$ cat data-v3.cif   # mmCIF, C-alpha atoms
data_input
#
loop_
_atom_site.label_atom_id
_atom_site.label_comp_id
_atom_site.auth_asym_id
_atom_site.auth_seq_id
_atom_site.Cartn_x
_atom_site.Cartn_y
_atom_site.Cartn_z
CA MET A 1 -3.87 9.14 -60.92
CA LEU A 2 -5.54 8.24 -64.20
CA TYR A 3 -8.44 10.46 -65.30
CA ASN A 4 -11.31 10.44 -67.77
CA TYR A 5 -13.87 12.99 -68.86
CA MET A 6 -17.48 12.12 -68.03
CA ALA A 7 -20.35 14.52 -68.72
CA GLY A 8 -17.72 17.21 -69.28
CA GLU A 9 -16.08 16.67 -65.87
CA LYS A 10 -12.52 15.48 -65.28
CA VAL A 11 -13.09 12.50 -62.98
CA SER A 12 -10.61 10.10 -61.45
CA ARG A 13 -10.86 6.66 -63.01
CA LEU A 14 -10.81 5.23 -59.49
CA GLY A 15 -13.99 5.99 -57.60
CA PHE A 16 -14.25 5.81 -53.80
CA GLY A 17 -17.29 3.64 -53.04
CA ALA A 18 -18.92 4.14 -49.62
CA MET A 19 -21.02 0.99 -49.35
CA ARG A 20 -18.43 -1.03 -47.38
CA LEU A 21 -16.80 1.55 -45.11
CA PRO A 22 -14.74 0.30 -42.14
CA VAL A 23 -16.69 -0.20 -38.91
CA LEU A 24 -15.68 -0.19 -35.27
CA PRO A 25 -14.48 -3.57 -33.92
CA ASP A 26 -17.12 -3.64 -31.16
CA GLY A 27 -19.73 -5.47 -33.23
CA SER A 28 -22.05 -2.45 -33.34
CA LYS A 29 -21.65 -1.94 -37.12
CA THR A 30 -20.93 1.73 -36.37
CA ILE A 31 -18.82 3.36 -39.09
CA ASP A 32 -15.28 4.13 -37.96
CA GLU A 33 -15.38 7.87 -38.73
CA ALA A 34 -11.74 8.51 -37.86
CA LYS A 35 -10.59 5.85 -40.30
CA VAL A 36 -12.95 7.11 -43.01
CA PHE A 37 -11.61 10.66 -42.56
CA GLU A 38 -8.07 9.29 -42.88
CA MET A 39 -8.93 7.38 -46.05
CA VAL A 40 -10.77 10.31 -47.68
CA ASP A 41 -7.78 12.56 -46.95
CA TYR A 42 -5.42 9.99 -48.48
CA ALA A 43 -7.62 9.51 -51.52
CA LEU A 44 -7.86 13.22 -52.25
CA ALA A 45 -4.12 13.70 -51.71
CA HIS A 46 -3.49 11.03 -54.36
CA GLY A 47 -5.86 12.36 -56.98
CA VAL A 48 -9.15 10.55 -56.30
CA ASN A 49 -12.01 13.01 -56.75
CA TYR A 50 -15.12 10.82 -57.29
CA PHE A 51 -16.98 9.66 -54.16
CA ASP A 52 -20.09 7.48 -54.32
CA THR A 53 -22.71 6.90 -51.63
CA ALA A 54 -26.42 6.03 -51.47
CA PHE A 55 -29.47 6.42 -49.24
CA PRO A 56 -29.49 2.82 -47.86
CA TYR A 57 -25.73 2.31 -47.42
CA HIS A 58 -24.81 1.51 -43.82
CA ASP A 59 -28.48 1.92 -42.85
CA GLY A 60 -28.44 5.54 -43.93
CA LYS A 61 -25.23 6.50 -42.14
CA SER A 62 -22.88 6.42 -45.14
CA GLU A 63 -24.19 9.73 -46.49
CA ILE A 64 -23.67 11.44 -43.14
CA VAL A 65 -20.11 10.23 -42.61
CA MET A 66 -19.03 10.88 -46.19
CA GLY A 67 -20.51 14.37 -46.07
CA LYS A 68 -18.58 15.16 -42.89
CA ALA A 69 -15.34 13.70 -44.28
CA LEU A 70 -15.55 15.63 -47.55
CA ALA A 71 -16.66 18.91 -45.95
CA ARG A 72 -13.15 19.26 -44.52
CA HIS A 73 -11.88 19.88 -48.06
CA PRO A 74 -12.68 22.57 -50.66
CA ARG A 75 -16.00 21.86 -52.40
CA ASP A 76 -14.46 22.14 -55.86
CA SER A 77 -11.88 19.43 -55.08
CA TRP A 78 -14.36 16.52 -55.09
CA PHE A 79 -17.41 15.15 -56.84
CA LEU A 80 -20.16 13.55 -54.77
CA ALA A 81 -22.56 10.98 -56.23
CA ASP A 82 -25.74 9.95 -54.41
CA LYS A 83 -28.80 7.90 -55.39
CA TYR A 84 -32.59 7.99 -55.07
CA PRO A 85 -33.93 4.67 -53.62
CA GLY A 86 -36.91 4.14 -55.92
CA HIS A 87 -36.00 0.46 -56.05
CA GLN A 88 -37.01 -0.01 -52.41
CA ILE A 89 -40.44 -1.49 -51.75
CA ALA A 90 -42.72 1.17 -50.23
CA LYS A 91 -46.39 2.12 -50.03
CA SER A 92 -45.66 5.48 -51.62
CA TYR A 93 -42.71 7.45 -52.97
CA ASP A 94 -41.83 11.08 -52.31
CA PRO A 95 -38.67 11.99 -54.25
CA ALA A 96 -38.68 15.55 -52.90
CA GLU A 97 -38.67 14.44 -49.26
CA ILE A 98 -35.83 11.96 -49.77
CA PHE A 99 -33.78 14.35 -51.91
CA GLU A 100 -33.99 17.16 -49.35
CA GLU A 101 -32.99 14.73 -46.61
CA GLN A 102 -30.00 13.54 -48.62
CA LEU A 103 -28.76 17.10 -49.20
CA GLU A 104 -29.05 17.74 -45.48
CA LYS A 105 -27.33 14.50 -44.47
CA CYS A 106 -24.45 15.10 -46.85
CA GLY A 107 -24.20 18.77 -45.91
CA VAL A 108 -24.22 19.99 -49.52
CA ASP A 109 -26.30 22.35 -51.65
CA TYR A 110 -26.07 20.15 -54.75
CA PHE A 111 -24.96 16.74 -55.93
CA ASP A 112 -22.39 16.56 -58.71
CA PHE A 113 -23.77 13.23 -59.91
CA TYR A 114 -27.16 11.82 -58.96
CA LEU A 115 -28.52 8.41 -59.87
CA LEU A 116 -31.84 6.65 -59.95
CA HIS A 117 -30.81 3.67 -57.83
CA ASN A 118 -31.03 0.16 -59.29
CA VAL A 119 -33.48 0.58 -62.12
CA SER A 120 -34.34 -3.09 -62.72
CA GLU A 121 -37.08 -5.41 -63.88
CA ASN A 122 -38.61 -5.10 -60.41
CA SER A 123 -38.38 -1.32 -60.05
CA VAL A 124 -38.58 0.16 -63.54
CA ALA A 125 -42.38 0.46 -63.37
CA THR A 126 -42.04 2.54 -60.19
CA TYR A 127 -39.49 4.83 -61.80
CA GLU A 128 -41.67 5.29 -64.87
CA ASP A 129 -44.99 5.66 -63.01
CA PRO A 130 -46.35 9.20 -63.68
CA LYS A 131 -48.05 9.07 -60.27
CA TRP A 132 -44.67 9.56 -58.57
CA GLY A 133 -43.16 11.87 -61.18
CA MET A 134 -39.63 10.83 -60.35
CA LEU A 135 -37.87 11.65 -63.60
CA ASP A 136 -39.65 15.00 -63.94
CA TYR A 137 -38.74 15.94 -60.36
CA PHE A 138 -35.05 15.17 -60.74
CA LEU A 139 -34.85 16.89 -64.11
CA GLU A 140 -36.28 19.98 -62.40
CA GLN A 141 -33.61 19.71 -59.68
CA LYS A 142 -31.02 19.55 -62.42
CA ARG A 143 -32.48 22.66 -64.03
CA LEU A 144 -32.23 24.40 -60.66
CA GLY A 145 -28.56 23.39 -60.32
CA ARG A 146 -29.12 21.08 -57.35
CA ILE A 147 -28.10 18.13 -59.53
CA ARG A 148 -25.31 18.74 -61.99
CA HIS A 149 -25.44 15.42 -63.83
CA LEU A 150 -28.25 12.82 -63.79
CA GLY A 151 -27.93 9.10 -64.50
CA PHE A 152 -28.95 5.70 -63.17
CA SER A 153 -27.57 2.45 -61.82
CA THR A 154 -28.86 -0.97 -62.73
CA HIS A 155 -28.45 -4.69 -62.16
CA GLY A 156 -31.07 -5.41 -64.83
CA PHE A 157 -30.83 -7.22 -68.14
CA ALA A 158 -29.85 -5.42 -71.34
CA ASP A 159 -33.36 -5.37 -72.83
CA MET A 160 -34.75 -3.70 -69.70
CA ILE A 161 -31.95 -1.11 -69.79
CA GLU A 162 -32.73 -0.33 -73.42
CA GLY A 163 -36.42 0.09 -72.65
CA PHE A 164 -35.68 2.48 -69.80
CA LEU A 165 -33.31 4.52 -71.96
CA ASP A 166 -36.06 4.81 -74.57
CA TYR A 167 -38.40 6.09 -71.83
CA ALA A 168 -35.85 8.55 -70.40
CA GLY A 169 -34.85 9.95 -73.77
CA ASP A 170 -31.61 11.92 -73.63
CA SER A 171 -31.89 12.72 -69.91
CA MET A 172 -29.55 9.98 -68.68
CA GLU A 173 -25.97 11.23 -68.88
CA PHE A 174 -24.27 8.10 -67.52
CA CYS A 175 -25.05 4.58 -66.30
CA GLN A 176 -23.60 2.47 -63.48
CA ILE A 177 -23.53 -1.28 -64.07
CA GLN A 178 -22.05 -4.39 -62.47
CA LEU A 179 -19.04 -5.13 -64.64
CA ASN A 180 -16.04 -7.38 -64.03
CA TYR A 181 -14.31 -10.21 -65.85
CA LEU A 182 -16.48 -12.82 -64.09
CA ASP A 183 -19.83 -11.18 -64.86
CA TRP A 184 -18.75 -10.46 -68.42
CA THR A 185 -20.27 -13.86 -69.20
CA LEU A 186 -21.97 -14.93 -65.95
CA GLN A 187 -24.42 -12.00 -66.00
CA ASN A 188 -23.90 -11.21 -69.69
CA ALA A 189 -22.45 -7.84 -68.75
CA LYS A 190 -20.99 -7.82 -72.24
CA ALA A 191 -24.46 -7.19 -73.67
CA LYS A 192 -25.03 -4.27 -71.28
CA TYR A 193 -21.64 -2.78 -72.10
CA GLU A 194 -22.23 -3.07 -75.84
CA LEU A 195 -25.67 -1.48 -75.51
CA LEU A 196 -24.36 1.52 -73.55
CA LYS A 197 -21.43 1.86 -75.93
CA LYS A 198 -23.82 1.92 -78.88
CA ARG A 199 -25.96 4.59 -77.19
CA GLY A 200 -22.89 6.68 -76.34
CA ILE A 201 -23.50 6.58 -72.60
CA PRO A 202 -20.47 6.73 -70.26
CA ILE A 203 -20.19 3.80 -67.84
CA ILE A 204 -19.40 3.62 -64.14
CA THR A 205 -18.64 0.13 -62.85
CA MET A 206 -19.75 -1.31 -59.53
CA GLU A 207 -18.82 -4.70 -58.06
CA SER A 208 -15.61 -4.18 -60.01
CA VAL A 209 -13.95 -7.09 -58.19
CA ARG A 210 -17.23 -8.86 -57.34
CA GLY A 211 -17.50 -7.81 -53.71
CA GLY A 212 -13.95 -9.02 -53.06
CA LYS A 213 -14.26 -12.41 -54.74
CA LEU A 214 -11.86 -11.38 -57.51
CA ALA A 215 -9.57 -9.74 -54.97
CA ASN A 216 -8.99 -13.07 -53.18
CA LEU A 217 -8.58 -15.71 -55.84
CA PRO A 218 -7.86 -19.39 -55.14
CA GLU A 219 -4.14 -19.94 -54.63
CA LYS A 220 -3.68 -21.78 -57.95
CA ASP A 221 -5.19 -18.88 -59.88
CA HIS A 222 -3.24 -16.28 -57.92
CA ALA A 223 -0.01 -18.16 -58.68
CA ARG A 224 -0.72 -18.11 -62.43
CA LEU A 225 -1.28 -14.36 -62.40
CA ASP A 226 1.67 -13.67 -60.10
CA ALA A 227 3.96 -15.50 -62.51
CA LEU A 228 3.03 -12.95 -65.19
CA ARG A 229 3.15 -9.82 -63.02
CA PRO A 230 4.96 -10.52 -59.75
CA GLY A 231 3.73 -8.50 -56.80
CA GLU A 232 0.47 -7.37 -58.39
CA SER A 233 -2.58 -7.97 -56.21
CA ASP A 234 -5.51 -10.04 -57.43
CA ALA A 235 -7.66 -6.89 -57.22
CA SER A 236 -5.30 -4.97 -59.49
CA TRP A 237 -5.92 -7.51 -62.26
CA GLY A 238 -9.64 -6.85 -62.06
CA TYR A 239 -9.17 -3.10 -62.19
CA ARG A 240 -6.62 -3.23 -65.03
CA TRP A 241 -9.03 -5.42 -67.01
CA LEU A 242 -11.68 -2.70 -66.67
CA GLN A 243 -9.18 0.02 -67.60
CA GLY A 244 -9.09 -1.52 -71.06
CA PHE A 245 -12.66 -0.40 -71.85
CA PRO A 246 -12.74 3.14 -73.28
CA GLU A 247 -16.42 3.64 -72.40
CA VAL A 248 -15.72 2.98 -68.69
CA SER A 249 -15.22 6.40 -67.13
CA VAL A 250 -15.11 5.53 -63.41
CA ILE A 251 -14.26 2.22 -61.73
CA LEU A 252 -15.72 2.05 -58.24
CA SER A 253 -14.03 0.30 -55.37
CA GLY A 254 -16.01 -0.31 -52.19
CA VAL A 255 -13.28 0.94 -49.86
CA SER A 256 -13.13 -0.85 -46.51
CA SER A 257 -9.54 -0.35 -45.29
CA PRO A 258 -6.55 1.99 -45.75
CA GLU A 259 -4.49 -0.92 -47.10
CA GLN A 260 -7.07 -1.65 -49.78
CA LEU A 261 -7.21 2.01 -50.77
CA GLU A 262 -3.42 2.23 -51.03
CA ASP A 263 -3.33 -0.82 -53.29
CA ASN A 264 -6.10 0.62 -55.46
CA ILE A 265 -4.28 3.93 -55.85
CA ARG A 266 -1.08 2.14 -56.87
CA THR A 267 -3.08 0.35 -59.56
CA PHE A 268 -4.51 3.61 -60.91
CA ALA A 269 -1.21 5.49 -60.83
CA GLU A 270 -0.27 4.35 -64.34
CA GLU A 271 -1.51 2.40 -67.35
CA LYS A 272 -0.44 -1.23 -67.56
CA PRO A 273 -2.77 -2.61 -70.22
CA ILE A 274 -3.88 -6.23 -70.11
CA THR A 275 -2.53 -8.21 -73.06
CA GLU A 276 -4.64 -10.54 -75.18
CA ALA A 277 -3.01 -13.57 -73.55
CA GLU A 278 -3.65 -12.16 -70.06
CA ASN A 279 -7.26 -11.40 -70.96
CA ALA A 280 -7.74 -14.98 -72.12
CA LEU A 281 -6.29 -16.22 -68.82
CA LEU A 282 -8.61 -14.01 -66.77
CA LEU A 283 -11.66 -15.28 -68.63
CA GLU A 284 -10.41 -18.83 -68.15
CA ILE A 285 -10.08 -18.19 -64.41
CA ALA A 286 -13.60 -16.75 -64.43
CA GLU A 287 -14.96 -19.94 -65.94
CA GLY A 288 -13.30 -21.94 -63.19
CA LEU A 289 -14.97 -19.80 -60.54
CA LYS A 290 -18.47 -20.34 -61.84
CA ASP A 291 -19.24 -23.97 -60.98
CA SER A 292 -22.26 -23.40 -63.20
CA VAL A 293 -25.23 -25.54 -64.08
CA PRO A 294 -24.65 -25.96 -67.86
CA CYS A 295 -27.98 -24.57 -69.06
CA THR A 296 -28.00 -23.38 -72.69
CA ALA A 297 -31.41 -21.66 -72.39
CA CYS A 298 -32.91 -23.78 -75.16
CA ARG A 299 -36.21 -23.58 -73.20
CA TYR A 300 -37.33 -27.15 -74.05
CA CYS A 301 -37.90 -27.60 -70.31
CA CYS A 302 -40.44 -24.76 -70.17
CA GLU A 303 -42.89 -26.34 -72.59
CA GLY A 304 -43.96 -29.15 -70.27
CA CYS A 305 -43.58 -27.46 -66.88
CA PRO A 306 -46.97 -27.67 -65.13
CA MET A 307 -46.11 -24.57 -63.05
CA GLY A 308 -45.03 -22.50 -66.04
CA LEU A 309 -41.64 -21.74 -64.49
CA ASP A 310 -39.06 -19.78 -66.47
CA ILE A 311 -36.48 -22.46 -65.76
CA PRO A 312 -33.55 -20.96 -67.74
CA LEU A 313 -34.01 -17.65 -65.91
CA LEU A 314 -34.08 -19.38 -62.53
CA ILE A 315 -30.99 -21.43 -63.38
CA SER A 316 -29.19 -18.25 -64.49
CA LYS A 317 -29.98 -16.67 -61.12
CA TYR A 318 -28.95 -19.87 -59.35
CA ASN A 319 -25.56 -19.81 -61.06
CA ASP A 320 -25.13 -16.21 -59.96
CA PHE A 321 -26.23 -17.15 -56.45
CA LYS A 322 -23.66 -19.96 -56.23
CA VAL A 323 -20.84 -17.56 -57.06
CA ALA A 324 -21.84 -14.95 -54.48
CA PRO A 325 -25.19 -14.85 -52.65
CA SER A 326 -26.37 -11.24 -52.46
CA ILE A 327 -29.31 -9.05 -51.56
CA ASN A 328 -29.75 -8.21 -55.27
CA ILE A 329 -30.68 -11.83 -55.97
CA SER A 330 -33.07 -11.81 -53.02
CA MET A 331 -34.66 -8.63 -54.35
CA PHE A 332 -35.17 -10.14 -57.80
CA MET A 333 -36.59 -13.41 -56.53
CA GLU A 334 -38.95 -11.84 -53.98
CA ASN A 335 -40.56 -9.76 -56.69
CA LEU A 336 -41.46 -12.82 -58.75
CA PRO A 337 -44.98 -14.22 -58.24
CA GLU A 338 -44.80 -16.89 -55.55
CA ASP A 339 -45.85 -19.58 -58.01
CA LYS A 340 -42.92 -18.70 -60.30
CA THR A 341 -40.12 -19.10 -57.77
CA PRO A 342 -37.87 -22.17 -57.31
CA SER A 343 -39.96 -23.32 -54.35
CA ALA A 344 -42.98 -23.70 -56.66
CA CYS A 345 -41.31 -26.62 -58.45
CA VAL A 346 -43.37 -29.81 -57.92
CA ALA A 347 -40.45 -32.09 -58.91
CA CYS A 348 -42.50 -33.89 -61.56
CA GLY A 349 -39.38 -34.51 -63.63
CA ALA A 350 -40.89 -33.55 -66.98
CA CYS A 351 -38.12 -31.00 -67.48
CA THR A 352 -35.34 -33.47 -66.74
CA HIS A 353 -36.57 -35.96 -69.33
CA ILE A 354 -36.47 -33.39 -72.10
CA CYS A 355 -33.32 -31.46 -71.12
CA PRO A 356 -30.57 -31.97 -73.77
CA GLN A 357 -27.92 -31.32 -71.08
CA ASN A 358 -29.41 -33.92 -68.70
CA ILE A 359 -29.63 -31.32 -65.90
CA PRO A 360 -31.44 -32.60 -62.77
CA ILE A 361 -33.63 -29.51 -62.76
CA PRO A 362 -35.85 -30.39 -59.75
CA ASP A 363 -32.69 -30.85 -57.66
CA VAL A 364 -31.43 -27.46 -58.83
CA MET A 365 -34.74 -25.79 -57.93
CA LYS A 366 -34.74 -27.42 -54.49
CA SER A 367 -31.14 -26.37 -53.84
CA PHE A 368 -31.88 -22.81 -54.95
CA ALA A 369 -35.01 -22.55 -52.78
CA GLU A 370 -33.08 -23.77 -49.75
CA GLY A 371 -30.15 -21.47 -50.45
CA LEU A 372 -32.37 -18.39 -50.71
CA LYS A 373 -33.37 -18.88 -47.09
CA SER A 374 -29.83 -17.87 -46.09
CA VAL A 375 -30.02 -14.49 -47.87
CA PRO A 376 -31.56 -11.50 -46.04
CA SER A 377 -35.11 -10.74 -47.12
CA TRP A 378 -35.21 -7.65 -49.30
CA LYS A 379 -38.87 -7.06 -48.50
CA GLU A 380 -38.17 -7.24 -44.77
CA LEU A 381 -35.23 -4.84 -45.07
CA SER A 382 -37.40 -2.44 -47.07
CA ARG A 383 -40.18 -2.70 -44.48
CA GLN A 384 -37.75 -1.91 -41.66
CA ARG A 385 -36.39 1.09 -43.56
CA GLU A 386 -39.88 2.37 -44.27
CA LEU A 387 -40.80 2.08 -40.57
CA ALA A 388 -37.58 3.90 -39.62
CA ALA A 389 -38.37 6.66 -42.14
CA GLU A 390 -41.88 7.05 -40.74
CA GLU A 391 -40.45 7.32 -37.23
CA ASN A 392 -37.99 10.00 -38.36
CA ARG A 393 -40.81 11.96 -39.99
CA ARG A 394 -42.86 11.71 -36.79
CA ARG A 395 -39.97 12.99 -34.69
CA LYS A 396 -39.37 15.92 -37.04
CA LEU A 397 -43.04 16.89 -36.84
CA GLU A 398 -43.00 16.66 -33.05
CA GLY A 399 -39.85 18.75 -32.98
CA LYS A 400 -41.60 21.48 -34.88
#
$ encode --input "data-v3.cif" --output "structure tokens"
Amino acid sequence: MLYNYMAGEKVSRLGFGAMRLPVLPDGSKTIDEAKVFEMVDYALAHGVNYFDTAFPYHDGKSEIVMGKALARHPRDSWFLADKYPGHQIAKSYDPAEIFEEQLEKCGVDYFDFYLLHNVSENSVATYEDPKWGMLDYFLEQKRLGRIRHLGFSTHGFADMIEGFLDYAGDSMEFCQIQLNYLDWTLQNAKAKYELLKKRGIPIITMESVRGGKLANLPEKDHARLDALRPGESDASWGYRWLQGFPEVSVILSGVSSPEQLEDNIRTFAEEKPITEAENALLLEIAEGLKDSVPCTACRYCCEGCPMGLDIPLLISKYNDFKVAPSINISMFMENLPEDKTPSACVACGACTHICPQNIPIPDVMKSFAEGLKSVPSWKELSRQRELAAEENRRRKLEGK
């Protein structure tokens, strides 16, 4: 197993992500605990020591199952990372209540690594709001030894990340970002990487193979890679690409099967650096996966838009949506004012006439608005979770 040092800890470069754990085949979405126990045992036996979960994963059950699986092994043989869900829409926020619940669910006295979950353009104001005192609370928990290392995760843009780091001062020891060879340009992950590198902040990667998209490439792309390294999986190419970045300390894999875990561990058993020619090929394959609207963000279209839409931003999100629709896109779009979303486009055509790339922008906005209907509503999911949390609090009070 390959290792790095992060915040003074010797961590496995492969991290065991618990967002996509295997479930029982009965359609109930119940986590298959026996299989998770088997995979955790295998991971630890092969040198993996970093395990990542979060409050909302598997509707709150991921923390419980991972805690039970890890508790069967010596506490000093593994690092557990958990996250505070300040990004979720709620009427109020109580970091102490959630934190105590997480410790109880995971069956631990402290978290080795703790993150402010998805600090983004939509949630950064909540995290920085003195009314909730989130940063102060978690820094106090760190002082008390209940958090050993504090950081944050983000899907936000580089300028937002920089602003949050300025706010947090030197308190953030690490940062988790979406980084892979597709998002290097699609989401401008390069800018985020360079920013964190400049600030000397260790990086943990999530969506390392884009939710499986880079682990199951089109046959023509797989054949080109297989010709260079016969027998290597598509996923291994994504992980080896990330291994080439010195600032990347941990590369998370959302583990969903024993077979996937075994392949991941083979990939992290030894260094096989990506060559310059191979890197160029991977970025070429990434371009072929995009099917992007060729917007250059010149912003000519914005000047005459009667609705004042940020058209380049919406097109950027649309391109991301076309590659892989996700709840993160839904979360971003639902937090825009209603009159600034794709559905607000009145199809006047003023933007199309001035666009140097001749993009049929009203058609793009219509397609995006229709496509968003197929993605789960982040606000509705947050509302359901808040109702469930209130019910749990009521039951606890009644039990007392």
$ closest_atom_pairs --input "data-v3.cif" --of "region 178-291 of chain A" --to "region 108-129 of chain A" --cutoff "12 Å" --atoms "only C-alpha atoms" --output "tab-separated table"
residue	atom	partner	partner_atom	distance
A:Gln178	CA	A:Asn118	CA	10.6
A:Ile204	CA	A:Leu115	CA	11.2
A:Met206	CA	A:Asn118	CA	11.4
$ residues_around --input "data-v3.cif" --residues "Ala350 (chain A)" --least-positions-apart "3" --cutoff "7 Å" --atoms "only C-alpha atoms" --output "list in words"
Gly304, Cys305, His353 and Ile354 of chain A
$ resolve_selection --input "data-v3.cif" --expression "the PyMOL selection byres ((chain A and resi 182) around 10)" --output "list in words"
Leu179, Asn180, Tyr181, Asp183, Trp184, Thr185, Leu186, Gln187, Asn188, Ala189, Ser208, Val209, Arg210, Lys213, Leu214, Gly238, Leu282, Leu283, Glu284, Ile285, Ala286, Glu287, Gly288, Leu289, Lys290 and Val323 of chain A
$ atom_distance --input "data-v3.cif" --atom1 "CA of His73 (chain A)" --atom2 "CA of Tyr5 (chain A)"
22.0 Å
$ resolve_selection --input "data-v3.cif" --expression "the PyMOL selection byres ((chain A and resi 176) around 6)" --output "PyMOL selection string"
chain A and resi 153+175+177+203-205
$ resolve_selection --input "data-v3.cif" --expression "the PyMOL selection byres ((chain A and resi 260) around 12)" --output "short mmCIF file (atom, residue, chain, number, x, y, z; two decimals) with C-alpha atoms, in the frame of the given file"
data_model
loop_
_atom_site.label_atom_id
_atom_site.label_comp_id
_atom_site.auth_asym_id
_atom_site.auth_seq_id
_atom_site.Cartn_x
_atom_site.Cartn_y
_atom_site.Cartn_z
CA PHE A 16 -14.25 5.81 -53.80
CA GLY A 17 -17.29 3.64 -53.04
CA ARG A 20 -18.43 -1.03 -47.38
CA LEU A 21 -16.80 1.55 -45.11
CA PRO A 22 -14.74 0.30 -42.14
CA MET A 39 -8.93 7.38 -46.05
CA TYR A 42 -5.42 9.99 -48.48
CA ALA A 43 -7.62 9.51 -51.52
CA GLY A 212 -13.95 -9.02 -53.06
CA ALA A 215 -9.57 -9.74 -54.97
CA SER A 233 -2.58 -7.97 -56.21
CA ASP A 234 -5.51 -10.04 -57.43
CA ALA A 235 -7.66 -6.89 -57.22
CA SER A 236 -5.30 -4.97 -59.49
CA SER A 253 -14.03 0.30 -55.37
CA GLY A 254 -16.01 -0.31 -52.19
CA VAL A 255 -13.28 0.94 -49.86
CA SER A 256 -13.13 -0.85 -46.51
CA SER A 257 -9.54 -0.35 -45.29
CA PRO A 258 -6.55 1.99 -45.75
CA GLU A 259 -4.49 -0.92 -47.10
CA LEU A 261 -7.21 2.01 -50.77
CA GLU A 262 -3.42 2.23 -51.03
CA ASP A 263 -3.33 -0.82 -53.29
CA ASN A 264 -6.10 0.62 -55.46
CA ILE A 265 -4.28 3.93 -55.85
CA ARG A 266 -1.08 2.14 -56.87
CA THR A 267 -3.08 0.35 -59.56
#
$ atom_distance --input "data-v3.cif" --atom1 "CA of Asp310 (chain A)" --atom2 "CA of Leu196 (chain A)"
26.8 Å
$ atom_distance --input "data-v3.cif" --atom1 "CA of Lys68 (chain A)" --atom2 "CA of Leu14 (chain A)"
20.8 Å
$ closest_residue --input "data-v3.cif" --among "A:Asn49, A:Asn216, A:Glu9, A:Ile98" --to "Arg393 (chain A)" --atoms "only C-alpha atoms"
A:Ile98
$ residues_around --input "data-v3.cif" --residues "Phe51 (chain A)" --least-positions-apart "2" --cutoff "8 Å" --atoms "only C-alpha atoms" --output "VMD selection string"
chain A and resid 15 to 18 49 53 78 to 81
$ residues_around --input "data-v3.cif" --residues "Leu139 (chain A)" --least-positions-apart "4" --cutoff "10 Å" --atoms "only C-alpha atoms" --output "list in words"
Met134, Leu135, Arg143, Leu144, Gly145, Arg146, Ile147, Arg148, His149, Leu150, Ser171 and Met172 of chain A
$ build_atoms --input "data-v3.cif" --residues "region 195-207 of chain A" --atoms "N, CA and C atoms" --output "short mmCIF file (atom, residue, chain, number, x, y, z; two decimals), in the frame of the given file"
data_model
loop_
_atom_site.label_atom_id
_atom_site.label_comp_id
_atom_site.auth_asym_id
_atom_site.auth_seq_id
_atom_site.Cartn_x
_atom_site.Cartn_y
_atom_site.Cartn_z
N LEU A 195 -24.50 -2.34 -75.36
CA LEU A 195 -25.67 -1.48 -75.51
C LEU A 195 -25.33 -0.03 -75.15
N LEU A 196 -24.69 0.17 -74.00
CA LEU A 196 -24.36 1.52 -73.55
C LEU A 196 -23.33 2.16 -74.48
N LYS A 197 -22.41 1.36 -74.97
CA LYS A 197 -21.43 1.86 -75.93
C LYS A 197 -22.13 2.35 -77.19
N LYS A 198 -23.08 1.56 -77.67
CA LYS A 198 -23.82 1.92 -78.88
C LYS A 198 -24.61 3.21 -78.68
N ARG A 199 -25.15 3.40 -77.46
CA ARG A 199 -25.96 4.59 -77.19
C ARG A 199 -25.10 5.78 -76.78
N GLY A 200 -23.79 5.58 -76.68
CA GLY A 200 -22.89 6.68 -76.34
C GLY A 200 -23.00 7.16 -74.91
N ILE A 201 -23.30 6.22 -74.00
CA ILE A 201 -23.50 6.58 -72.60
C ILE A 201 -22.29 6.15 -71.77
N PRO A 202 -21.63 7.08 -71.10
CA PRO A 202 -20.47 6.73 -70.26
C PRO A 202 -20.87 5.73 -69.17
N ILE A 203 -19.92 4.88 -68.79
CA ILE A 203 -20.19 3.80 -67.84
C ILE A 203 -19.38 3.99 -66.57
N ILE A 204 -20.05 3.76 -65.44
CA ILE A 204 -19.40 3.62 -64.14
C ILE A 204 -19.58 2.17 -63.74
N THR A 205 -18.53 1.54 -63.24
CA THR A 205 -18.64 0.13 -62.85
C THR A 205 -18.79 0.00 -61.34
N MET A 206 -19.65 -0.92 -60.93
CA MET A 206 -19.75 -1.31 -59.53
C MET A 206 -19.46 -2.80 -59.45
N GLU A 207 -19.23 -3.30 -58.24
CA GLU A 207 -18.82 -4.70 -58.06
C GLU A 207 -17.65 -5.01 -59.00
#
